[in-house]
Structure formats: C-alpha cells, structure tokens
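Asker: Here's a structure for you.
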Amino acid sequence: MTREGLAGDMSLRLEPLQTTEAHAYWRVFLSGRTDLPTGDLKVHMDRFLALPPEEQRSHFSVKRDGRLIGTVRLGPAEISGFSMEPGSAAETATVLLKAVDLLRAGGATAIGAHFEDRYEPAFTSLGFRRVFARMRMEAPTKKSPPREGLKLQPPEEDEVLGLTKFLIDVYEGHVEQQYGMHVGPEEEWRGYVGGLFKGDSGQFMPDASYVALEGDRIVGAILVTYWMGTPLVAELGVAKDRRGRGIGRALLEAAMGRLANRDEPRLALYVTLGNDPAIALYRSLGFVQVGGQSVTARLES
C-alpha cells in the first residue's frame with residue numbers, strides 16, 4: 001500500500017483520549033508492551049489522572065471503526081506511549097504515518113520517538129533511525145557479607161551538593177553523554193539530585209541507598225527509589241580513579257541486602273545498550289533483561 005493509501009484510511013483514526021475511556025486506553029496500552037516497570041493497570045491510571053489537563057490532552061486513542069485498538073502520546077515534535085493491541089499489530093505502520101502527519105501539520109520538522117523495539121520495523125520503514133536503546137534488568141535481592149575496608153553509609157539530604165559534583169565527574173565522557181543524557185549545567189544537576197531525595201523519581205529509599213567514602217571524599221554512590229511498584233537503582237556511580245576495585249559491586253550488594261531484609265524480593269535498574277562494563281557487572285550479580293528494549297529514535301525533516 002502507498003503512503004497516500006495508508007494515510008487516507010478513514011476507518012482508522014487518532015482521537016484525543018476522553019477521560020471516560022481511560023480504563024480501556026491503559027488496558028490496551030499494557031496489552032502491547034513488555035518493557036514496562038509494572039503491568040498494574042491502576043498504577044498507570046493513577047499516573048494519568050494526576051497529570052495536568054494539558055498533558056492528559058497529549059494522549060490519543062487509536063480507533064478502527066470506533067473501537068480502541070492502540071495508544072499514542074504526541075508532543076510538539078515527539079511520539080511516545082505507543083502501543084497496539086496484539087490483534088491489531090499489523091496496522092502499526094498506518095497508525096504511525098497518521099501520527100507523523102499530525103505532527104508535520106503542526107509544524108514539526110525533526111521528530112523524536114520512544115517505543116518498544118517490537119515496533120521498530122514500522123518506525124524504521126517510515127525513516128526513523130535508532131539513536132540508542134535501554135533495557136530493564138531485574139535481580140532477586142539477597143544478603144551478602146559486607147565488603148571489608150570500605151566505608152558505606154546512607155546519604156543525607158545535605159549531601160546534595162557533594163553528590164551533584166560527584167555525579168558530574170562520574171558521567172564526564174560517559175558513553176551516554178553522546179545521546180544527550182547526563183549533561184547540563186551544575187544547577188540542573190543539583191535540581192535533579194535534590195529531586196531524587198524529594199521523590200521526583202519515586203519514593204526515595206534512604207535505608208537502601210549508600211555513599212562509599214574515603215575520608216570525607218565520595219568515591220561511590222547508589223541511590224535507590226521505589227518506583228512503580230519496585231525498588232529501582234536511580235543512580236549508581238564510582239569515581240573514575242577508583243573503578244575496577246569492586247566498589248560498584250559492593251554498593252549493589254549492600255542495597256540488595258538491605259532490600260532483602262525489608263522483604264523486597266527484587267531490585268530493578270535500566271542500562272543503556274553499549275555500556276558493556278555495567279551490563280557485565282549487573283549480569284554477574286544475577287540481573288537479567290526483563291521485557292523488550294526501550295528505543296529512542298529520530299526522524300529528520
């Protein structure tokens with residue numbers, strides 16, 4: 001079928017999500033995704049209903065002859081929240097073309113997209129090119145003996161400035177910076193680190209988070225939050241001149257041990273494909289990929 005034929009399919013429509021259809025919308029969303037932190041419908045419903053009205057209006061229902069078969073969220077130049085019910089997956093390219101045309105009509109030139117890799121062939125067919133991908137990994141928590149000779153203690157909120165400077169140094173030259181992650185001025189970093197303590201990325205778990213110290217110097221840190229039903233490693237870093245000494249492993253083991261004492265069965269994290277040393281460490285501690293990859297792609301004008 002030609003591009004014009006796909007775009008001209010009038011029985012398939014993208015319509016702004018009505019609140020009365022939110023339950024059906026998120027049920028369809030969950031049916032077509034495996035890369036999510038939770039499949040709990042209530043969690044996704046509650047997150048949607050807590051959004052400001054203008055953000056709620058960015059969600060669109062995909063309908064075939066009036067029946068909801070897919071979901072998509074459209075920003076000024078961005079596609080996200082994409083999912084198709086399994087029985088309608090063959091219509092993915094048609095839906096995406098309509099979404100792109102809507103954004104183009106609104107003045108978008110270059111368009112970014114975030115989606116599960118199961119939909120990548122359809123995005124690629126329209127000219128989107130992968131920028132990077134991340135995967136969710138999970139491991140069962142377990143108790144391990146503490147690492148001798150390493151001073152670990154829970155971070156304090158008044159350490160925001162020290163943690164900020166530490167993380168800026170950790171990520172300098174990191175593979176993820178080429179994708180636009182972990183960049184920005186110190187003020188933005190301070191707001192990000194302070195936000196972790198305040199719950200911007202899930203409820204901060206101070207008793208499962210640690211800094212590794214040599215004297216007063218931070219040489220490693222792990223910050224854990226409770227996000228969408230599971231403890232999550234929000235940040236893990238080791239000073240460049242202290243890498244290869246087992247500090248990252250010790251931090252993860254300490255967090256996993258504390259979570260095991262709290263009867264939390266699993267710990268999750270996200271890692272960027274290509275960050276091979278981190279992936280190797282995680283796998284050695286029992287972490288395995290859960291669900292599909294979460295892809296970020298771009299369509300140029």
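The chains in the structure tokens are called A, B, ... from first to last as shown; in each chain the residues are counted from 1, and the ligands are counted from 1 in the order shown.
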Stretch 107-265 of chain A: which residues are helix (DSSP H, G or I) by DSSP, as a ChimeraX atom specification?

Answerer: /A:117-125,157-171,175-179,186-198,206-208,240-242,247-261

Asker: Do you know which residues are at most 12 Å from stretch 198-204 of chain A counting only C-alpha atoms, after dropping those on the same chain fewer than 6 positions away, and could you put them as a VMD selection string?

Answerer: chain A and resid 47 154 to 157 160 191 to 192 210 222 to 235

Asker: Skip A:Val100 itself and residues of its chain fewer than 6 positions away, then list as a ChimeraX atom specification all residues within 12 Å of it, counting only C-alpha atoms.

Answerer: /A:3,6-7,14,72-80,93-94,106-113,123,126-128,298-301

Asker: Within 12 Å of A:Leu236, counting only C-alpha atoms, which residues show up once you throw out same-chain ones fewer than 6 positions away? Write them as number ranges by chain, please.

Answerer: A: 163, 166-167, 170-171, 209-212, 219-225, 247-252, 255, 269-271, 278, 281-282

Asker: Please produce an output containing N, CA and C atoms for each residue in the selection, written as an mmCIF file, in the first residue's frame.

Answerer:
```cif
data_model
loop_
_atom_site.group_PDB
_atom_site.id
_atom_site.type_symbol
_atom_site.label_atom_id
_atom_site.label_comp_id
_atom_site.auth_asym_id
_atom_site.auth_seq_id
_atom_site.Cartn_x
_atom_site.Cartn_y
_atom_site.Cartn_z
ATOM 1 N N LEU A 163 27.049 15.174 46.222
ATOM 2 C CA LEU A 163 26.618 14.147 45.279
ATOM 3 C C LEU A 163 26.509 14.710 43.866
ATOM 4 N N PHE A 166 29.960 14.924 42.505
ATOM 5 C CA PHE A 166 30.424 13.557 42.283
ATOM 6 C C PHE A 166 29.841 12.977 40.988
ATOM 7 N N LEU A 167 28.527 13.104 40.789
ATOM 8 C CA LEU A 167 27.886 12.534 39.606
ATOM 9 C C LEU A 167 28.312 13.249 38.324
ATOM 10 N N VAL A 170 31.512 11.657 37.516
ATOM 11 C CA VAL A 170 31.311 10.266 37.099
ATOM 12 C C VAL A 170 30.889 10.191 35.638
ATOM 13 N N TYR A 171 29.998 11.075 35.223
ATOM 14 C CA TYR A 171 29.438 10.989 33.881
ATOM 15 C C TYR A 171 30.214 11.781 32.836
ATOM 16 N N SER A 209 20.037 3.042 50.157
ATOM 17 C CA SER A 209 20.954 3.874 49.372
ATOM 18 C C SER A 209 22.227 4.102 50.181
ATOM 19 N N TYR A 210 23.344 4.228 49.482
ATOM 20 C CA TYR A 210 24.624 4.357 50.177
ATOM 21 C C TYR A 210 25.572 5.266 49.411
ATOM 22 N N VAL A 211 26.484 5.892 50.168
ATOM 23 C CA VAL A 211 27.679 6.501 49.590
ATOM 24 C C VAL A 211 28.877 5.741 50.135
ATOM 25 N N ALA A 212 29.885 5.566 49.292
ATOM 26 C CA ALA A 212 31.151 4.967 49.712
ATOM 27 C C ALA A 212 32.143 6.100 49.928
ATOM 28 N N VAL A 219 33.521 8.319 46.885
ATOM 29 C CA VAL A 219 34.144 7.575 45.776
ATOM 30 C C VAL A 219 33.143 6.645 45.084
ATOM 31 N N GLY A 220 31.942 6.546 45.621
ATOM 32 C CA GLY A 220 30.902 5.738 45.011
ATOM 33 C C GLY A 220 29.556 6.072 45.625
ATOM 34 N N ALA A 221 28.495 5.837 44.882
ATOM 35 C CA ALA A 221 27.157 6.113 45.405
ATOM 36 C C ALA A 221 26.125 5.264 44.683
ATOM 37 N N ILE A 222 25.129 4.826 45.435
ATOM 38 C CA ILE A 222 23.954 4.172 44.860
ATOM 39 C C ILE A 222 22.726 4.801 45.496
ATOM 40 N N LEU A 223 21.813 5.272 44.661
ATOM 41 C CA LEU A 223 20.580 5.900 45.116
ATOM 42 C C LEU A 223 19.413 5.061 44.620
ATOM 43 N N VAL A 224 18.598 4.583 45.539
ATOM 44 C CA VAL A 224 17.502 3.671 45.224
ATOM 45 C C VAL A 224 16.174 4.357 45.527
ATOM 46 N N THR A 225 15.231 4.236 44.604
ATOM 47 C CA THR A 225 13.890 4.761 44.811
ATOM 48 C C THR A 225 12.877 3.626 44.649
ATOM 49 N N ILE A 247 33.962 -1.482 43.983
ATOM 50 C CA ILE A 247 33.106 -0.563 44.746
ATOM 51 C C ILE A 247 31.669 -0.623 44.232
ATOM 52 N N GLY A 248 31.490 -0.645 42.907
ATOM 53 C CA GLY A 248 30.136 -0.726 42.361
ATOM 54 C C GLY A 248 29.436 -1.998 42.798
ATOM 55 N N ARG A 249 30.158 -3.105 42.772
ATOM 56 C CA ARG A 249 29.584 -4.375 43.217
ATOM 57 C C ARG A 249 29.205 -4.297 44.695
ATOM 58 N N ALA A 250 30.078 -3.725 45.509
ATOM 59 C CA ALA A 250 29.797 -3.629 46.946
ATOM 60 C C ALA A 250 28.564 -2.771 47.214
ATOM 61 N N LEU A 251 28.411 -1.687 46.460
ATOM 62 C CA LEU A 251 27.242 -0.826 46.635
ATOM 63 C C LEU A 251 25.959 -1.568 46.270
ATOM 64 N N LEU A 252 25.989 -2.274 45.145
ATOM 65 C CA LEU A 252 24.812 -3.042 44.739
ATOM 66 C C LEU A 252 24.493 -4.137 45.752
ATOM 67 N N ALA A 255 22.869 -2.623 48.835
ATOM 68 C CA ALA A 255 21.476 -2.253 48.585
ATOM 69 C C ALA A 255 20.590 -3.488 48.520
ATOM 70 N N LEU A 269 16.747 -2.000 37.498
ATOM 71 C CA LEU A 269 17.558 -0.887 37.010
ATOM 72 C C LEU A 269 17.390 -0.802 35.500
ATOM 73 N N TYR A 270 17.820 0.324 34.943
ATOM 74 C CA TYR A 270 17.843 0.499 33.491
ATOM 75 C C TYR A 270 19.274 0.764 33.061
ATOM 76 N N VAL A 271 19.664 0.187 31.927
ATOM 77 C CA VAL A 271 21.020 0.359 31.426
ATOM 78 C C VAL A 271 20.968 0.570 29.924
ATOM 79 N N ALA A 278 29.025 -2.020 32.621
ATOM 80 C CA ALA A 278 27.908 -2.018 33.573
ATOM 81 C C ALA A 278 27.049 -3.266 33.383
ATOM 82 N N LEU A 281 28.695 -6.269 34.924
ATOM 83 C CA LEU A 281 28.578 -6.257 36.383
ATOM 84 C C LEU A 281 27.189 -6.704 36.813
ATOM 85 N N TYR A 282 26.162 -6.154 36.177
ATOM 86 C CA TYR A 282 24.800 -6.489 36.564
ATOM 87 C C TYR A 282 24.519 -7.985 36.353
#
```

Asker: Compare A:Val131, A:Val238, A:Val290, A:Met10 by their minimum atom-to-atom distance to A:Gly66, counting only C-alpha atoms, and give me the closest one.

Answerer: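 Closest to A:Gly66 of all the choices is A:Met10.
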
Asker: Find the spatial neighbours of stretch 172-176 of chain A, counting only C-alpha atoms, within a cut-off of 12 Å - ignore same-chain residues fewer than 2 positions away - and output them as an MDAnalysis selection string.

Answerer: chainID A and resid 131:134 165:170 178:184 237:240 271:278

Asker: Go ahead and save the picked residues with C-alpha atoms, as a PDB file, in the first residue's frame.

Answerer:
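This is the output file again-v7.pdb:
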```
ATOM      1  CA  VAL A 131      19.684   6.771  18.452  1.00  0.00           C
ATOM      2  CA  PHE A 132      20.050   4.473  21.451  1.00  0.00           C
ATOM      3  CA  ALA A 133      18.168   1.861  23.440  1.00  0.00           C
ATOM      4  CA  ARG A 134      17.879   0.921  27.086  1.00  0.00           C
ATOM      5  CA  LYS A 165      29.683  17.267  41.921  1.00  0.00           C
ATOM      6  CA  PHE A 166      30.424  13.557  42.283  1.00  0.00           C
ATOM      7  CA  LEU A 167      27.886  12.534  39.606  1.00  0.00           C
ATOM      8  CA  ILE A 168      29.018  15.281  37.222  1.00  0.00           C
ATOM      9  CA  ASP A 169      32.537  13.870  37.423  1.00  0.00           C
ATOM     10  CA  VAL A 170      31.311  10.266  37.099  1.00  0.00           C
ATOM     11  CA  GLN A 178      26.695  11.272  23.277  1.00  0.00           C
ATOM     12  CA  TYR A 179      22.940  10.601  23.433  1.00  0.00           C
ATOM     13  CA  GLY A 180      22.210  13.763  25.406  1.00  0.00           C
ATOM     14  CA  MET A 181      21.878  12.055  28.783  1.00  0.00           C
ATOM     15  CA  HIS A 182      23.645  13.142  31.975  1.00  0.00           C
ATOM     16  CA  VAL A 183      24.553  16.543  30.578  1.00  0.00           C
ATOM     17  CA  GLY A 184      23.737  20.102  31.607  1.00  0.00           C
ATOM     18  CA  GLY A 237      28.409   5.603  40.097  1.00  0.00           C
ATOM     19  CA  VAL A 238      32.053   5.106  41.022  1.00  0.00           C
ATOM     20  CA  ALA A 239      34.807   7.719  40.839  1.00  0.00           C
ATOM     21  CA  LYS A 240      36.935   7.279  37.724  1.00  0.00           C
ATOM     22  CA  VAL A 271      21.020   0.359  31.426  1.00  0.00           C
ATOM     23  CA  THR A 272      21.915   1.718  28.014  1.00  0.00           C
ATOM     24  CA  LEU A 273      22.949  -0.792  25.376  1.00  0.00           C
ATOM     25  CA  GLY A 274      26.652  -0.301  24.693  1.00  0.00           C
ATOM     26  CA  ASN A 275      27.519   0.283  28.338  1.00  0.00           C
ATOM     27  CA  ASP A 276      29.168  -3.138  28.385  1.00  0.00           C
ATOM     28  CA  PRO A 277      31.104  -2.889  31.680  1.00  0.00           C
ATOM     29  CA  ALA A 278      27.908  -2.018  33.573  1.00  0.00           C
TER      30      ALA A 278
END
```

Asker: Have a look at atom CA of A:Gly162 and atom CA of A:Leu150 and let me know their distance in Å, one decimal.

Answerer: 18.7 Å

Asker: From the set A:Ala208, A:Val95, A:Leu103, A:Leu267, which residue has the shortest atom-to-atom contact distance to A:Pro140, counting only C-alpha atoms?

Answerer: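 Of A:Ala208, A:Val95, A:Leu103, A:Leu267, the one nearest A:Pro140 is A:Leu267, counting only C-alpha atoms.
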